[in-house]
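S.K.: The structure under discussion is supplied below as structure tokens; questions concerning it will follow.
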Amino acid sequence: MTFRPGLTGSIVVGGILAIGVVCVALAWKPSIEPVTPPQAASFDADRVARGAALAAVGDCAVCHTAKSGQPFAGGRPLSTPFGVIYATNITPDAETGIGAWSEEAFARSMREGVNRTGQYLYPAFPYPHFTHATDQDVEALYAFLMTRTPVSAKSPPNSIVFPLNIRRLVAGWNLLFLRTGEWRPDPSQSAEWNRGAYLVETIGHCGACHTPLNALGAEEGSRAFAGGEAEGWDAPALRATPPGPGPWSVETLTNYLRTGFAPGHGAAAGPMRGVTDELARAPVEDVRAIAVYIASLMSKSPSRTAPAGRAIAYDAVYEGACAGCHAPGSSLRQLGAPSLAASAVVNAPSPRDAIQTILRGIPWREGRAGPFMPGFADELSDQQVAHLVGYLRANFSHSPAWPDVEKEIRRAREQGGS
Amino acid sequence: MITLTVNGRKHEVDADPDTPLLYVLRDDLQLNGAKFGCGFGQCGACTVMVDGKAIFSCLTPIALLPARQIKTIEGLGTESAPGVVQRAFIDEQAAQCGYCIAGMVMRAQALLERDPSPSEDQIREAMMPNLCRCGTHMRILRAVQRAALAMKGAAL
């Protein structure tokens with residue numbers, strides 16, 4: 001057979017073009033006719049209430065509310081490796097929100113990640129999880145959102161790198177990574193476990209942060225809950241080795257998820273803060289079910305114990321800045337401030353969250369009770385942070401010293417607050 | 001001995017390196033503007049500036065501070081010649097019992113040095129770490145706004 005480059009070339013180019021045309025054609029999604037925003041009174045109150053509970057479990061408000069902005073009105077930036085995505089307005093404003101979305105359009109966004117006009121949404125919106133929710137739950141969320149106060153607010157344009165700013169490419173991502181279909185219970189498990197598993201895997205979308213992402217930003221299914229990353233913080237592993245040296249019981253987890261604080265473990269910090277704030281509004285039986293499921297993932301093997309009674313080397317910075325709240329016998333210890341030996345971040349595989357906690361602390365949340373820790377970003381130089389992190393690891397953990405502490409400190413400083 | 005630079009002056013301080021700056025200011029240097037409130041970094045009465053940033057002096061051991069520039073309210077002005085922010089707090093009568101005010105003034109000073117034209121939301125956010133139990137928050141807010149305007153006027 002004679003090799004004919006011209007013909008082969010044409011076939012290849014033609015093939016690519018054909019595949020391209022097919023992809024673009026497959027990627028085309030119709031616009032769904034706009035509707036007049038439905039009257040709030042047209043929704044069944046029970047359904048709205050169920051939607052409110054689900055919205056709390058899914059912490060919709062966390063991403064869809066800008067700093068000092070109106071709830072659900074969008075505009076909050078989310079930094080991704082591919083650029084900054086701004087959360088959209090999901091209040092029922094007809095122009096800037098989802099007021100003109102029919103229930104069908106809303107369900108399509110939740111199941112397929114496509115907005116009313118047929119535009120692909122980025123998977124920063126966790127539709128790969130929401131797609132498995134029941135019809136009933138999607139309807140309830142629609143009822144809840146459509147009965148919020150409409151707010152006119154346009155989100156800033158995204159700054160996504162080329163070529164990912166071509167939204168239709170998300171169709172290819174969906175082809176590779178989106179698995180649709182309703183979530184199926186495991187009949188060998190209890191009803192409570194199944195309720196928790198459903199909430200965690202669908203509306204709660206816990207894996208979006210706690211599962212590592214591959215190079216294309218999709219969750220690595222084989223490493224579910226092995227620990228991921230969110231906005232410059234490590235989201236700890238929930239499977240096998242649980243965060244921190246102490247065991248997490250269903251009760252501890254339930255309380256932690258509802259209050260953002262677990263005596264003996266520590267406080268929710270960074271992006272987890274908003275999650276626990278929202279779960280505080282969710283039905284306690286749902287939060288407990290989530291705890292039952294998460295606890296079942298965690299290792300049953302005895303945890304590393306905190307080095308009890310171990311002599312702590314003197315350090316002026318620890319004594320002056322940390323010990324007043326964290327040392328045994330300090331008055332804040334009586335009120336629940338954890339021993340650093342029990343701290344999940346001091347015992348974590350990477351220094352990232354210890355650094356973030358030292359720099360940013362655990363901020364006030366206006367109008368809410370909860371744990372607080374001042375940040376030390378302005379008190380400590382990078383070198384002083386590195387010294388303190390090394391000291392804490394050496395004195396309050398059995399784990400080896402962290403490498404790359406200086407690099408992580410620079411990274412955390414560059415990222416700014418969260 | 002640890003050398004601290006406070007309001008532009010160097011001081012040799014004979015104190016343990018873990019001593020919080022607040023105690024050194026009040027007990028050794030007789031700079032009594034910064035107050036002890038809670039000792040946990042939760043109230044802001046002890047706020048002073050280090051390298052232009054507002055910090056809680058009750059949680060800042062002096063071991064961290066050689067080679068840093070410390071500024072206290074005594075460094076902003078005097079009774080007869082108050083600084084711009086102090087003047088604005090007086091003009092707005094922002095103090096009731098006054099215990100929190102030195103900390104409030106220092107946090108406001110740090111804010112205005114960083115951002116001379118903060119919005120009301122930005123002022124509220126920046127001032128959030130400092131508590132006032134008397135409830136003069138609205139006057140404090142106006143004082144910071146007044147100080148911002150006065151600083152701008154002075155710069156023109």
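Scheme for the structure tokens: letters A, B, ... for chains in order shown; per-chain residue numbers from 1; ligand numbers from 1 in order shown.
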Where does chain A meet chain B within 9 Å, residue by residue, with the nearest atom pair and distance in Å to one decimal for each, counting only C-alpha atoms, listed by chain and rising number, as a Markdown table?

M.R.:
```
| residue | atom | partner | partner_atom | distance |
| --- | --- | --- | --- | --- |
| A:Ser68 | CA | B:Asp121 | CA | 7.9 |
| A:Asp315 | CA | B:Asp18 | CA | 7.7 |
| A:Ala316 | CA | B:Asp18 | CA | 4.2 |
| A:Val317 | CA | B:Pro61 | CA | 6.1 |
| A:Tyr318 | CA | B:Asp18 | CA | 7.9 |
| A:Glu319 | CA | B:Asp18 | CA | 5.8 |
| A:Gly320 | CA | B:Asp18 | CA | 4.6 |
| A:Ala321 | CA | B:Leu59 | CA | 4.7 |
| A:Cys322 | CA | B:Leu59 | CA | 7.8 |
| A:Gly324 | CA | B:Phe40 | CA | 7.0 |
| A:Cys325 | CA | B:Phe40 | CA | 6.9 |
| A:Leu332 | CA | B:Phe40 | CA | 8.5 |
| A:Trp364 | CA | B:Pro129 | CA | 8.0 |
| A:Glu366 | CA | B:Met128 | CA | 8.8 |
| A:Phe372 | CA | B:Gln42 | CA | 8.0 |
| A:Met373 | CA | B:Gly41 | CA | 7.8 |
| A:Pro374 | CA | B:Gly41 | CA | 6.1 |
| A:Phe376 | CA | B:Ile55 | CA | 8.2 |
| A:Asp378 | CA | B:Lys53 | CA | 6.2 |
| A:Glu379 | CA | B:Ile55 | CA | 6.4 |
| A:Leu380 | CA | B:Leu64 | CA | 7.0 |
| A:Ser381 | CA | B:Leu64 | CA | 8.4 |
| A:Gln384 | CA | B:Leu64 | CA | 7.5 |
```

S.K.: Take the residues just selected and output them with N, CA and C atoms as a compact mmCIF listing (two decimals), in the first residue's frame.

M.R.:
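After the write, part-v2.txt holds the following:
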```txt
# COMPACT_ATOMS: atom_id res chain seq x y z
N SER A 68 -20.90 40.89 52.66
CA SER A 68 -21.85 41.96 52.97
C SER A 68 -22.97 42.08 51.93
N ASP A 315 8.99 28.26 74.85
CA ASP A 315 9.12 29.10 73.66
C ASP A 315 8.41 30.41 73.94
N ALA A 316 9.12 31.50 73.77
CA ALA A 316 8.58 32.81 74.15
C ALA A 316 7.33 33.15 73.32
N VAL A 317 7.34 32.80 72.05
CA VAL A 317 6.19 33.15 71.20
C VAL A 317 4.97 32.33 71.61
N TYR A 318 5.17 31.03 71.81
CA TYR A 318 4.06 30.20 72.26
C TYR A 318 3.52 30.70 73.60
N GLU A 319 4.43 30.98 74.52
CA GLU A 319 4.00 31.42 75.85
C GLU A 319 3.23 32.73 75.77
N GLY A 320 3.73 33.66 74.97
CA GLY A 320 3.13 34.99 74.94
C GLY A 320 1.89 35.08 74.08
N ALA A 321 1.84 34.28 73.00
CA ALA A 321 0.74 34.44 72.05
C ALA A 321 -0.30 33.32 72.13
N CYS A 322 0.12 32.11 72.49
CA CYS A 322 -0.79 30.96 72.39
C CYS A 322 -1.24 30.44 73.75
N GLY A 324 -1.90 31.59 76.64
CA GLY A 324 -2.96 32.23 77.42
C GLY A 324 -4.31 31.60 77.19
N CYS A 325 -4.52 31.03 76.00
CA CYS A 325 -5.79 30.36 75.71
C CYS A 325 -5.64 28.84 75.62
N LEU A 332 -9.38 29.96 79.19
CA LEU A 332 -10.13 29.60 77.98
C LEU A 332 -10.17 28.10 77.77
N TRP A 364 -14.74 36.41 63.86
CA TRP A 364 -16.09 36.65 64.38
C TRP A 364 -17.08 36.40 63.27
N GLU A 366 -20.68 37.95 62.66
CA GLU A 366 -21.54 38.96 63.24
C GLU A 366 -22.88 38.35 63.65
N PHE A 372 -13.91 31.69 68.58
CA PHE A 372 -13.18 32.81 67.99
C PHE A 372 -11.70 32.64 68.31
N MET A 373 -10.88 32.93 67.34
CA MET A 373 -9.44 33.01 67.60
C MET A 373 -8.90 34.19 66.80
N PRO A 374 -8.14 35.07 67.44
CA PRO A 374 -7.58 36.17 66.65
C PRO A 374 -6.53 35.65 65.69
N PHE A 376 -2.95 36.10 63.52
CA PHE A 376 -1.67 36.72 63.88
C PHE A 376 -0.89 37.17 62.64
N ASP A 378 -0.61 39.96 61.21
CA ASP A 378 0.09 41.24 61.33
C ASP A 378 1.11 41.26 62.47
N GLU A 379 1.01 40.30 63.37
CA GLU A 379 1.96 40.23 64.48
C GLU A 379 3.24 39.52 64.05
N LEU A 380 3.09 38.47 63.23
CA LEU A 380 4.20 37.56 62.96
C LEU A 380 4.77 37.77 61.57
N SER A 381 6.10 37.80 61.48
CA SER A 381 6.76 37.77 60.18
C SER A 381 6.69 36.33 59.66
N GLN A 384 8.78 34.15 61.68
CA GLN A 384 8.22 33.87 63.00
C GLN A 384 7.09 32.86 62.91
```

S.K.: Would you give me, as a list in words, the residues in range 82-131 of chain A that DSSP reads as strand (DSSP E or B)?

M.R.: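 The residues of range 82-131 of chain A classed as strand (DSSP E or B) are Gly83, Val84, Ile85, Tyr86, Val114 and Tyr120 of chain A.
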
S.K.: Excluding Phe144 in chain A and any residue of its chain fewer than 6 positions from it, enumerate the residues within 12 Å of it, using only C-alpha atoms, and give them as a ChimeraX atom specification.

M.R.: /A:38,40-56,60,72,90-92,103,106,137-138

S.K.: Which residues come within 6 Å of range 393-405 of chain A, counting only C-alpha atoms, excluding same-chain residues fewer than 2 positions away, as an mmCIF file with N, CA, C and O atoms, in the first residue's frame?

M.R.:
```cif
data_model
loop_
_atom_site.group_PDB
_atom_site.id
_atom_site.type_symbol
_atom_site.label_atom_id
_atom_site.label_comp_id
_atom_site.auth_asym_id
_atom_site.auth_seq_id
_atom_site.Cartn_x
_atom_site.Cartn_y
_atom_site.Cartn_z
ATOM 1 N N ILE A 312 6.748 20.186 77.528
ATOM 2 C CA ILE A 312 6.706 21.123 76.415
ATOM 3 C C ILE A 312 7.899 22.068 76.570
ATOM 4 O O ILE A 312 8.090 22.657 77.624
ATOM 5 N N ALA A 341 -2.374 19.733 71.446
ATOM 6 C CA ALA A 341 -2.061 18.323 71.197
ATOM 7 C C ALA A 341 -3.250 17.609 70.556
ATOM 8 O O ALA A 341 -3.090 16.621 69.850
ATOM 9 N N VAL A 346 -2.703 20.847 63.908
ATOM 10 C CA VAL A 346 -1.314 20.604 64.338
ATOM 11 C C VAL A 346 -0.905 19.168 63.978
ATOM 12 O O VAL A 346 0.257 18.889 63.717
ATOM 13 N N ASN A 347 -1.890 18.263 63.941
ATOM 14 C CA ASN A 347 -1.617 16.849 63.642
ATOM 15 C C ASN A 347 -1.883 16.474 62.183
ATOM 16 O O ASN A 347 -1.869 15.305 61.838
ATOM 17 N N GLY A 390 6.809 25.119 63.388
ATOM 18 C CA GLY A 390 7.762 24.049 63.686
ATOM 19 C C GLY A 390 7.716 23.676 65.162
ATOM 20 O O GLY A 390 7.731 22.488 65.521
ATOM 21 N N TYR A 391 7.625 24.678 66.008
ATOM 22 C CA TYR A 391 7.569 24.442 67.453
ATOM 23 C C TYR A 391 6.303 23.655 67.823
ATOM 24 O O TYR A 391 6.354 22.681 68.578
ATOM 25 N N LYS A 407 7.319 27.716 52.087
ATOM 26 C CA LYS A 407 6.593 27.866 50.824
ATOM 27 C C LYS A 407 5.092 28.015 51.085
ATOM 28 O O LYS A 407 4.422 28.854 50.488
ATOM 29 N N GLU A 408 4.600 27.209 52.011
ATOM 30 C CA GLU A 408 3.169 27.273 52.342
ATOM 31 C C GLU A 408 2.805 28.622 52.974
ATOM 32 O O GLU A 408 1.713 29.137 52.766
#
```

S.K.: Restricting the calculation to only C-alpha atoms: of A:Ile362, A:Ala337, A:Gly228, A:Ile355, which residue gets closest to Glu406 in chain A?

M.R.: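 Ranking A:Ile362, A:Ala337, A:Gly228, A:Ile355 by distance to Glu406 in chain A, first place goes to A:Ile355.
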
S.K.: Determine which residues of chain B receive a DSSP assignment of helix (DSSP H, G or I), computed from the backbone, and state them as number ranges by chain.

M.R.: B: 21-28, 57-59, 62-64, 73-75, 84-91, 101-114, 120-127, 137-155

S.K.: With only C-alpha atoms as the counted atoms, please give the residues lying no more than 7 Å from Val84 in chain B, apart from itself and same-chain residues fewer than 5 positions off, as a count of residues only.

M.R.: 3

S.K.: Just the residues within 7 Å of range 143-145 of chain B, please, counting only C-alpha atoms, with nothing from its chain fewer than 6 positions along; format it as a compact mmCIF listing (two decimals) with C-alpha atoms, in the first residue's frame.

M.R.:
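Full text of result-v8.txt as output:
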```txt
# COMPACT_ATOMS: atom_id res chain seq x y z
CA ALA B 88 -12.13 63.59 65.22
CA PHE B 89 -13.00 61.34 68.20
CA GLU B 92 -17.72 63.53 67.67
CA ALA B 94 -17.09 59.33 70.64
CA ALA B 108 -8.84 53.60 62.99
```

S.K.: Excluding Ala67 in chain B and any residue of its chain fewer than 3 positions from it, enumerate the residues within 9 Å of it, using only C-alpha atoms, and give them as a PyMOL selection string.

M.R.: chain B and resi 3-5+64

S.K.: Any chance you could export the current selection's N, CA, C and O atoms as a compact mmCIF listing (two decimals), in the first residue's frame?

M.R.:
```txt
# COMPACT_ATOMS: atom_id res chain seq x y z
N THR B 3 15.47 45.37 72.88
CA THR B 3 15.32 46.76 72.45
C THR B 3 14.01 46.90 71.68
O THR B 3 13.77 46.19 70.70
N LEU B 4 13.17 47.81 72.14
CA LEU B 4 11.91 48.07 71.46
C LEU B 4 11.90 49.51 70.97
O LEU B 4 12.35 50.42 71.67
N THR B 5 11.37 49.71 69.77
CA THR B 5 11.24 51.07 69.24
C THR B 5 9.77 51.47 69.35
O THR B 5 8.92 50.91 68.65
N LEU B 64 8.78 39.05 69.69
CA LEU B 64 8.49 39.24 68.27
C LEU B 64 8.90 40.62 67.77
O LEU B 64 8.84 40.87 66.57
```

S.K.: Could you jot down the CA of Gly336 in chain A to CA of Arg368 in chain A separation for me, Å, one decimal place?

M.R.: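 Computed distance, CA of Gly336 in chain A to CA of Arg368 in chain A, equals 17.2 Å.
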
S.K.: To one decimal in Å, tell me the separation between CA of Tyr86 in chain A and CA of Ala66 in chain A.

M.R.: 9.2 Å

S.K.: Work out how far apart CA of Pro283 in chain A and CA of Thr254 in chain A are and give it in Å to one decimal.

M.R.: 11.2 Å

S.K.: For a quick check of understanding, using only C-alpha atoms, which of A:Asp234, A:Ala153, A:Thr96, A:Gly221 has the smallest distance to Pro349 in chain A?

M.R.: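 Result for the nearest residue to Pro349 in chain A: A:Asp234.
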